[in-house]
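Trainee: Structure file target20.pdb, PDB, C-alpha atoms, pLDDT in the B column, is pasted below:
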ATOM      1  CA  MET A   1       7.508  19.376  16.000  1.00 42.00           C
ATOM      2  CA  SER A   2       6.759  19.483  12.259  1.00 54.00           C
ATOM      3  CA  GLU A   3       6.156  22.773  10.561  1.00 66.00           C
ATOM      4  CA  GLU A   4       2.778  23.225   8.880  1.00 86.00           C
ATOM      5  CA  LEU A   5       2.811  22.264   5.205  1.00 92.00           C
ATOM      6  CA  THR A   6       3.095  25.230   2.873  1.00 93.00           C
ATOM      7  CA  THR A   7       1.647  25.495  -0.621  1.00 94.00           C
ATOM      8  CA  PHE A   8       5.109  24.675  -2.002  1.00 96.00           C
ATOM      9  CA  ASP A   9       5.386  21.619   0.251  1.00 96.00           C
ATOM     10  CA  ILE A  10       2.017  20.375  -0.973  1.00 95.00           C
ATOM     11  CA  LYS A  11       3.013  20.937  -4.615  1.00 96.00           C
ATOM     12  CA  ILE A  12       6.275  19.046  -4.046  1.00 97.00           C
ATOM     13  CA  LEU A  13       4.466  16.116  -2.438  1.00 96.00           C
ATOM     14  CA  GLU A  14       1.874  16.003  -5.220  1.00 95.00           C
ATOM     15  CA  GLN A  15       4.562  16.047  -7.916  1.00 96.00           C
ATOM     16  CA  ILE A  16       6.728  13.324  -6.405  1.00 96.00           C
ATOM     17  CA  GLN A  17       3.674  11.100  -5.918  1.00 95.00           C
ATOM     18  CA  GLN A  18       3.224  11.288  -9.679  1.00 94.00           C
ATOM     19  CA  ASP A  19       6.926  10.883 -10.545  1.00 95.00           C
ATOM     20  CA  ALA A  20       9.489  10.292  -7.809  1.00 94.00           C
ATOM     21  CA  ALA A  21      12.251  10.104 -10.425  1.00 95.00           C
ATOM     22  CA  LEU A  22      12.107  13.857 -11.121  1.00 96.00           C
ATOM     23  CA  SER A  23      15.459  15.562 -10.640  1.00 96.00           C
ATOM     24  CA  THR A  24      15.543  18.381  -8.117  1.00 96.00           C
ATOM     25  CA  SER A  25      15.780  20.917 -10.940  1.00 97.00           C
ATOM     26  CA  GLU A  26      12.771  19.397 -12.751  1.00 97.00           C
ATOM     27  CA  LEU A  27      10.806  19.323  -9.504  1.00 97.00           C
ATOM     28  CA  ALA A  28      11.761  22.913  -8.692  1.00 97.00           C
ATOM     29  CA  GLU A  29      10.570  24.059 -12.117  1.00 97.00           C
ATOM     30  CA  LYS A  30       7.231  22.254 -11.757  1.00 97.00           C
ATOM     31  CA  VAL A  31       6.502  23.771  -8.327  1.00 97.00           C
ATOM     32  CA  GLY A  32       7.830  27.266  -9.052  1.00 97.00           C
ATOM     33  CA  LEU A  33      10.932  27.346  -6.841  1.00 96.00           C
ATOM     34  CA  SER A  34      14.634  27.591  -7.475  1.00 97.00           C
ATOM     35  CA  GLN A  35      16.630  24.389  -7.065  1.00 97.00           C
ATOM     36  CA  SER A  36      18.231  24.995  -3.642  1.00 97.00           C
ATOM     37  CA  PRO A  37      15.052  25.935  -1.735  1.00 96.00           C
ATOM     38  CA  CYS A  38      13.243  23.037  -3.413  1.00 97.00           C
ATOM     39  CA  TRP A  39      15.973  20.599  -2.336  1.00 97.00           C
ATOM     40  CA  ARG A  40      15.889  21.914   1.258  1.00 97.00           C
ATOM     41  CA  ARG A  41      12.086  21.544   1.409  1.00 97.00           C
ATOM     42  CA  LEU A  42      12.325  18.025  -0.019  1.00 96.00           C
ATOM     43  CA  GLN A  43      14.922  17.068   2.595  1.00 96.00           C
ATOM     44  CA  ARG A  44      12.771  18.536   5.381  1.00 96.00           C
ATOM     45  CA  LEU A  45       9.738  16.566   4.153  1.00 96.00           C
ATOM     46  CA  ARG A  46      11.865  13.389   4.273  1.00 96.00           C
ATOM     47  CA  ASP A  47      13.304  14.219   7.700  1.00 96.00           C
ATOM     48  CA  GLU A  48       9.835  14.892   9.119  1.00 95.00           C
ATOM     49  CA  GLY A  49       8.509  11.590   7.790  1.00 95.00           C
ATOM     50  CA  TYR A  50       6.108  12.894   5.150  1.00 96.00           C
ATOM     51  CA  ILE A  51       8.110  10.893   2.605  1.00 96.00           C
ATOM     52  CA  GLN A  52       8.704   7.334   3.806  1.00 94.00           C
ATOM     53  CA  GLY A  53      10.612   6.131   0.773  1.00 92.00           C
ATOM     54  CA  GLN A  54      10.627   5.930  -2.986  1.00 91.00           C
ATOM     55  CA  VAL A  55       9.758   2.861  -5.046  1.00 91.00           C
ATOM     56  CA  ALA A  56       9.201   1.888  -8.658  1.00 90.00           C
ATOM     57  CA  VAL A  57       5.601   0.940  -9.445  1.00 90.00           C
ATOM     58  CA  LEU A  58       5.746  -2.060 -11.768  1.00 92.00           C
ATOM     59  CA  ASN A  59       3.225  -2.968 -14.453  1.00 91.00           C
ATOM     60  CA  ARG A  60       1.907  -6.326 -13.224  1.00 91.00           C
ATOM     61  CA  ARG A  61       0.620  -7.221 -16.703  1.00 90.00           C
ATOM     62  CA  LYS A  62       4.220  -7.391 -17.957  1.00 94.00           C
ATOM     63  CA  PHE A  63       4.718 -10.400 -15.681  1.00 94.00           C
ATOM     64  CA  GLY A  64       1.852 -12.458 -17.114  1.00 93.00           C
ATOM     65  CA  GLU A  65      -1.770 -12.886 -16.181  1.00 92.00           C
ATOM     66  CA  SER A  66      -2.746 -12.078 -12.624  1.00 94.00           C
ATOM     67  CA  LEU A  67      -5.795 -11.393 -10.504  1.00 95.00           C
ATOM     68  CA  TYR A  68      -6.337  -9.313  -7.416  1.00 97.00           C
ATOM     69  CA  ILE A  69      -8.279 -11.253  -4.833  1.00 98.00           C
ATOM     70  CA  PHE A  70      -9.665  -9.590  -1.726  1.00 98.00           C
ATOM     71  CA  ALA A  71      -9.961 -12.067   1.121  1.00 98.00           C
ATOM     72  CA  THR A  72     -11.651 -11.415   4.430  1.00 98.00           C
ATOM     73  CA  VAL A  73     -10.599 -13.599   7.317  1.00 98.00           C
ATOM     74  CA  LYS A  74     -12.425 -14.587  10.498  1.00 98.00           C
ATOM     75  CA  MET A  75      -9.956 -15.068  13.350  1.00 97.00           C
ATOM     76  CA  SER A  76     -10.097 -16.816  16.708  1.00 96.00           C
ATOM     77  CA  THR A  77      -8.697 -15.131  19.795  1.00 96.00           C
ATOM     78  CA  LEU A  78      -4.896 -15.156  19.643  1.00 96.00           C
ATOM     79  CA  THR A  79      -2.232 -14.987  22.303  1.00 96.00           C
ATOM     80  CA  ASP A  80       0.428 -12.308  21.921  1.00 97.00           C
ATOM     81  CA  GLU A  81       2.819 -14.951  20.570  1.00 97.00           C
ATOM     82  CA  GLN A  82       0.273 -16.238  18.039  1.00 97.00           C
ATOM     83  CA  ARG A  83      -0.497 -12.685  16.899  1.00 97.00           C
ATOM     84  CA  ALA A  84       3.224 -12.030  16.389  1.00 97.00           C
ATOM     85  CA  GLU A  85       3.557 -15.278  14.416  1.00 97.00           C
ATOM     86  CA  PHE A  86       0.521 -14.378  12.284  1.00 98.00           C
ATOM     87  CA  GLN A  87       1.995 -10.962  11.491  1.00 98.00           C
ATOM     88  CA  ARG A  88       5.425 -12.450  10.749  1.00 98.00           C
ATOM     89  CA  LYS A  89       3.929 -14.922   8.281  1.00 98.00           C
ATOM     90  CA  ILE A  90       1.805 -12.236   6.607  1.00 98.00           C
ATOM     91  CA  LEU A  91       4.882 -10.024   6.174  1.00 98.00           C
ATOM     92  CA  ALA A  92       6.898 -12.958   4.785  1.00 98.00           C
ATOM     93  CA  THR A  93       4.311 -13.833   2.103  1.00 98.00           C
ATOM     94  CA  PRO A  94       4.987 -11.694  -0.987  1.00 97.00           C
ATOM     95  CA  GLU A  95       1.660 -12.548  -2.663  1.00 97.00           C
ATOM     96  CA  ILE A  96      -0.148 -10.773   0.173  1.00 98.00           C
ATOM     97  CA  MET A  97       0.155  -7.203  -1.013  1.00 97.00           C
ATOM     98  CA  GLU A  98      -1.901  -5.582   1.750  1.00 97.00           C
ATOM     99  CA  CYS A  99      -3.249  -6.661   5.118  1.00 98.00           C
ATOM    100  CA  HIS A 100      -5.655  -4.629   7.247  1.00 98.00           C
ATOM    101  CA  THR A 101      -7.523  -5.289  10.464  1.00 97.00           C
ATOM    102  CA  ILE A 102     -11.169  -4.353  10.002  1.00 98.00           C
ATOM    103  CA  PHE A 103     -14.371  -3.760  11.986  1.00 96.00           C
ATOM    104  CA  GLY A 104     -17.400  -5.991  11.564  1.00 94.00           C
ATOM    105  CA  GLU A 105     -18.021  -9.719  11.356  1.00 95.00           C
ATOM    106  CA  ARG A 106     -14.600 -10.258   9.783  1.00 97.00           C
ATOM    107  CA  ASP A 107     -11.261  -9.406  11.375  1.00 97.00           C
ATOM    108  CA  ILE A 108      -8.694  -9.152   8.564  1.00 98.00           C
ATOM    109  CA  MET A 109      -8.799  -8.034   4.932  1.00 98.00           C
ATOM    110  CA  LEU A 110      -6.073  -9.142   2.541  1.00 98.00           C
ATOM    111  CA  LYS A 111      -5.236  -8.066  -0.984  1.00 98.00           C
ATOM    112  CA  VAL A 112      -3.619 -11.024  -2.726  1.00 98.00           C
ATOM    113  CA  ILE A 113      -2.092 -11.166  -6.201  1.00 97.00           C
ATOM    114  CA  ALA A 114      -2.740 -14.540  -7.820  1.00 97.00           C
ATOM    115  CA  SER A 115      -1.659 -16.018 -11.132  1.00 96.00           C
ATOM    116  CA  SER A 116      -4.898 -18.025 -11.456  1.00 96.00           C
ATOM    117  CA  LEU A 117      -7.913 -19.231  -9.503  1.00 97.00           C
ATOM    118  CA  GLU A 118      -6.334 -22.676  -9.307  1.00 98.00           C
ATOM    119  CA  TRP A 119      -3.206 -21.134  -7.762  1.00 98.00           C
ATOM    120  CA  TYR A 120      -5.365 -19.189  -5.302  1.00 98.00           C
ATOM    121  CA  GLN A 121      -7.257 -22.303  -4.223  1.00 98.00           C
ATOM    122  CA  LYS A 122      -3.939 -23.956  -3.338  1.00 98.00           C
ATOM    123  CA  PHE A 123      -2.825 -20.739  -1.589  1.00 98.00           C
ATOM    124  CA  ILE A 124      -5.933 -20.797   0.615  1.00 98.00           C
ATOM    125  CA  PHE A 125      -5.347 -24.389   1.741  1.00 97.00           C
ATOM    126  CA  ASN A 126      -1.547 -24.332   1.939  1.00 98.00           C
ATOM    127  CA  ILE A 127      -0.993 -20.832   3.357  1.00 97.00           C
ATOM    128  CA  LEU A 128      -4.027 -18.888   4.582  1.00 97.00           C
ATOM    129  CA  LEU A 129      -5.847 -21.652   6.468  1.00 97.00           C
ATOM    130  CA  LYS A 130      -2.576 -22.656   8.161  1.00 97.00           C
ATOM    131  CA  LEU A 131      -1.990 -19.183   9.630  1.00 97.00           C
ATOM    132  CA  PRO A 132      -2.447 -18.977  13.414  1.00 96.00           C
ATOM    133  CA  GLY A 133      -6.055 -18.304  14.399  1.00 97.00           C
ATOM    134  CA  VAL A 134      -7.599 -18.374  10.907  1.00 97.00           C
ATOM    135  CA  GLN A 135     -11.086 -19.896  11.135  1.00 97.00           C
ATOM    136  CA  ASP A 136     -12.577 -18.960   7.771  1.00 97.00           C
ATOM    137  CA  VAL A 137     -11.675 -17.158   4.535  1.00 98.00           C
ATOM    138  CA  GLN A 138     -14.134 -15.493   2.168  1.00 98.00           C
ATOM    139  CA  SER A 139     -12.775 -14.281  -1.154  1.00 98.00           C
ATOM    140  CA  THR A 140     -13.837 -11.814  -3.811  1.00 98.00           C
ATOM    141  CA  VAL A 141     -12.089 -11.790  -7.176  1.00 97.00           C
ATOM    142  CA  GLY A 142     -11.476  -8.421  -8.801  1.00 96.00           C
ATOM    143  CA  LEU A 143     -12.667  -8.481 -12.418  1.00 95.00           C
ATOM    144  CA  THR A 144     -11.813  -5.032 -13.779  1.00 93.00           C
ATOM    145  CA  GLU A 145      -9.449  -2.555 -12.227  1.00 92.00           C
ATOM    146  CA  ILE A 146     -11.039   0.877 -12.529  1.00 95.00           C
ATOM    147  CA  LYS A 147      -8.613   2.815 -10.361  1.00 94.00           C
ATOM    148  CA  ASN A 148      -5.315   1.913  -8.726  1.00 91.00           C
ATOM    149  CA  THR A 149      -3.193   4.644  -7.193  1.00 91.00           C
ATOM    150  CA  THR A 150      -0.649   5.072  -4.457  1.00 90.00           C
ATOM    151  CA  ALA A 151      -1.167   8.847  -4.314  1.00 91.00           C
ATOM    152  CA  ILE A 152      -2.887  10.167  -1.197  1.00 92.00           C
ATOM    153  CA  PRO A 153      -4.985  13.366  -1.427  1.00 92.00           C
ATOM    154  CA  ILE A 154      -2.776  15.953   0.252  1.00 87.00           C
ATOM    155  CA  ARG A 155      -5.033  18.973  -0.022  1.00 78.00           C
ATOM    156  CA  GLY A 156      -7.735  17.303   2.075  1.00 65.00           C
ATOM    157  CA  ALA A 157     -11.089  15.862   1.219  1.00 50.00           C
ATOM    158  CA  ARG A 158     -13.156  17.742  -1.293  1.00 49.00           C
ATOM    159  CA  ALA A 159     -16.560  18.995  -0.237  1.00 50.00           C
ATOM    160  CA  LEU A 160     -19.282  16.876  -1.806  1.00 49.00           C
TER
END
Go ahead and express the file in the form of structure tokens.
Mentor:
Amino acid sequence: MSEELTTFDIKILEQIQQDAALSTSELAEKVGLSQSPCWRRLQRLRDEGYIQGQVAVLNRRKFGESLYIFATVKMSTLTDEQRAEFQRKILATPEIMECHTIFGERDIMLKVIASSLEWYQKFIFNILLKLPGVQDVQSTVGLTEIKNTTAIPIRGARAL
């Protein structure tokens, strides 16, 4: 069973969400611990699954123009095999950055990165509409990105 998160654990998690490339000594200094206890806490947080992995967040604008398109999908009833095939194809499509099942009139929400609207139109016909069970796709194009973060609020929701 996981231990309850301490103030130091929370500080460590907040810091590495901002910069996972910090050395253990830099991290220890930022959270107010010596290096060895900081390293042990970091290892425990990894072992307990609080930290799933570390990645580099790339600047998509360095790779040319792109759009985020949010597509909602209406699905038909799928067999277990069709559902597995749908999931396999979603996972194998790098342009689909996120996929969520949702409540409401729609069943799936996708976040797609597209180089252009023309590219996306082809993507709809050649990829999305050929996925098992897809009946309809509605799309919304993101115009301005106001906030984009991977950091989760560790200290809990603030009172409004």
Trainee: Just checking: using only C-alpha atoms, which residue out of A:Ala151, A:Glu85, A:Ile108, A:Ala21 ends up closest to Lys130 (chain A)?
Mentor: A:Glu85
Trainee: With only C-alpha atoms as the atoms that count, which of A:Cys99, A:Leu13, A:Val55, A:Leu42 lies nearest to Phe70 (chain A)?
Mentor: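 Under the stated criterion, the closest residue is A:Cys99.
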Trainee: Record the distance separating CA of Ile90 (chain A) and CA of Phe103 (chain A), expressed in Å with one decimal.
Mentor: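 Distance reported for this atom pair: 19.0 Å.
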Trainee: Would you mind telling me which residue in A:Gln43, A:Gln135, A:Ser115, A:Thr79 lies nearest to Arg61 (chain A) when using all atoms listed in the file?
Mentor: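 Result for the nearest residue to Arg61 (chain A): A:Ser115.
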Trainee: What is the distance between CA of Val141 (chain A) and CA of Ile69 (chain A), in Å to one decimal?
Mentor: 4.5 Å
Trainee: Please evaluate the PyMOL selection byres ((chain A and resi 71-74) around 8) against the displayed coordinates and give the resulting residues as a list in words.
Mentor: Ile69, Phe70, Met75, Ser76, Glu105, Arg106, Asp107, Ile108, Met109, Leu110, Lys111, Val112, Val134, Gln135, Asp136, Val137, Gln138, Ser139 and Thr140 of chain A
Trainee: Between CA of Asn148 (chain A) and CA of Thr93 (chain A), what distance in Å does the model show, to one decimal?
Mentor: 21.4 Å
Trainee: Can you list what the PyMOL selection byres ((chain A and resi 15) around 12) grabs from this structure, as a PyMOL selection string?
Mentor: chain A and resi 8-14+16-24+26-32+42+151-154
Trainee: Given the choices A:Gly133, A:Thr77, A:Arg83, A:Leu128, which gets closest to Glu95 (chain A) if the distance is worked out from all atoms listed in the file?
Mentor: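 Among A:Gly133, A:Thr77, A:Arg83, A:Leu128, it is A:Leu128 that comes nearest to Glu95 (chain A).
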Trainee: Hey, which of A:Leu45, A:Ile96, A:Leu33, A:Ile51 ends up closest to Ile124 (chain A)? Count all atoms listed in the file.
Mentor: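 Ranking A:Leu45, A:Ile96, A:Leu33, A:Ile51 by distance to Ile124 (chain A), first place goes to A:Ile96.
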Trainee: Glu118 (chain A): which residues within 12 Å, counting all atoms listed in the file, same-chain residues fewer than 5 positions away excluded, as a PyMOL selection string?
Mentor: chain A and resi 66-67+123-125
Trainee: How big is the axis-aligned box, and where does its centre sit, when it encloses all atoms of region 90-99 of chain A listed in the file and has 8 Å added on every side, reported in Å to one decimal as JSON?
Mentor:
{"center_x": 1.8, "center_y": -9.7, "center_z": 2.0, "size_x": 26.1, "size_y": 24.3, "size_z": 25.3}
Trainee: Can you take the partial region 22-39 of chain A, add N, CA and C atoms, and return it as a PDB file, in the coordinates of the input?
Mentor:
ATOM      1  N   LEU A  22      11.779  12.497 -10.694  1.00 96.00           N
ATOM      2  CA  LEU A  22      12.107  13.857 -11.121  1.00 96.00           C
ATOM      3  C   LEU A  22      13.406  14.311 -10.458  1.00 96.00           C
ATOM      4  N   SER A  23      14.266  14.961 -11.238  1.00 96.00           N
ATOM      5  CA  SER A  23      15.459  15.562 -10.640  1.00 96.00           C
ATOM      6  C   SER A  23      15.016  16.765  -9.809  1.00 96.00           C
ATOM      7  N   THR A  24      15.884  17.221  -8.942  1.00 96.00           N
ATOM      8  CA  THR A  24      15.543  18.381  -8.117  1.00 96.00           C
ATOM      9  C   THR A  24      15.264  19.592  -8.986  1.00 96.00           C
ATOM     10  N   SER A  25      16.021  19.761 -10.065  1.00 97.00           N
ATOM     11  CA  SER A  25      15.780  20.917 -10.940  1.00 97.00           C
ATOM     12  C   SER A  25      14.446  20.794 -11.662  1.00 97.00           C
ATOM     13  N   GLU A  26      14.081  19.595 -12.103  1.00 97.00           N
ATOM     14  CA  GLU A  26      12.771  19.397 -12.751  1.00 97.00           C
ATOM     15  C   GLU A  26      11.646  19.639 -11.753  1.00 97.00           C
ATOM     16  N   LEU A  27      11.810  19.135 -10.546  1.00 97.00           N
ATOM     17  CA  LEU A  27      10.806  19.323  -9.504  1.00 97.00           C
ATOM     18  C   LEU A  27      10.664  20.806  -9.172  1.00 97.00           C
ATOM     19  N   ALA A  28      11.778  21.483  -9.016  1.00 97.00           N
ATOM     20  CA  ALA A  28      11.761  22.913  -8.692  1.00 97.00           C
ATOM     21  C   ALA A  28      11.017  23.703  -9.763  1.00 97.00           C
ATOM     22  N   GLU A  29      11.248  23.365 -11.020  1.00 97.00           N
ATOM     23  CA  GLU A  29      10.570  24.059 -12.117  1.00 97.00           C
ATOM     24  C   GLU A  29       9.065  23.814 -12.073  1.00 97.00           C
ATOM     25  N   LYS A  30       8.653  22.592 -11.789  1.00 97.00           N
ATOM     26  CA  LYS A  30       7.231  22.254 -11.757  1.00 97.00           C
ATOM     27  C   LYS A  30       6.487  22.950 -10.616  1.00 97.00           C
ATOM     28  N   VAL A  31       7.182  23.169  -9.477  1.00 97.00           N
ATOM     29  CA  VAL A  31       6.502  23.771  -8.327  1.00 97.00           C
ATOM     30  C   VAL A  31       6.753  25.274  -8.203  1.00 97.00           C
ATOM     31  N   GLY A  32       7.607  25.825  -9.059  1.00 97.00           N
ATOM     32  CA  GLY A  32       7.830  27.266  -9.052  1.00 97.00           C
ATOM     33  C   GLY A  32       8.833  27.754  -8.020  1.00 97.00           C
ATOM     34  N   LEU A  33       9.863  26.951  -7.762  1.00 96.00           N
ATOM     35  CA  LEU A  33      10.932  27.346  -6.841  1.00 96.00           C
ATOM     36  C   LEU A  33      12.274  27.233  -7.550  1.00 96.00           C
ATOM     37  N   SER A  34      13.289  27.848  -6.972  1.00 97.00           N
ATOM     38  CA  SER A  34      14.634  27.591  -7.475  1.00 97.00           C
ATOM     39  C   SER A  34      15.113  26.271  -6.871  1.00 97.00           C
ATOM     40  N   GLN A  35      16.202  25.737  -7.412  1.00 97.00           N
ATOM     41  CA  GLN A  35      16.630  24.389  -7.065  1.00 97.00           C
ATOM     42  C   GLN A  35      17.012  24.234  -5.584  1.00 97.00           C
ATOM     43  N   SER A  36      17.768  25.142  -5.035  1.00 97.00           N
ATOM     44  CA  SER A  36      18.231  24.995  -3.642  1.00 97.00           C
ATOM     45  C   SER A  36      17.090  25.006  -2.629  1.00 97.00           C
ATOM     46  N   PRO A  37      16.172  25.979  -2.685  1.00 96.00           N
ATOM     47  CA  PRO A  37      15.052  25.935  -1.735  1.00 96.00           C
ATOM     48  C   PRO A  37      14.173  24.690  -1.916  1.00 96.00           C
ATOM     49  N   CYS A  38      14.037  24.246  -3.152  1.00 97.00           N
ATOM     50  CA  CYS A  38      13.243  23.037  -3.413  1.00 97.00           C
ATOM     51  C   CYS A  38      13.919  21.835  -2.771  1.00 97.00           C
ATOM     52  N   TRP A  39      15.231  21.709  -2.920  1.00 97.00           N
ATOM     53  CA  TRP A  39      15.973  20.599  -2.336  1.00 97.00           C
ATOM     54  C   TRP A  39      15.855  20.619  -0.815  1.00 97.00           C
TER      55      TRP A  39
END
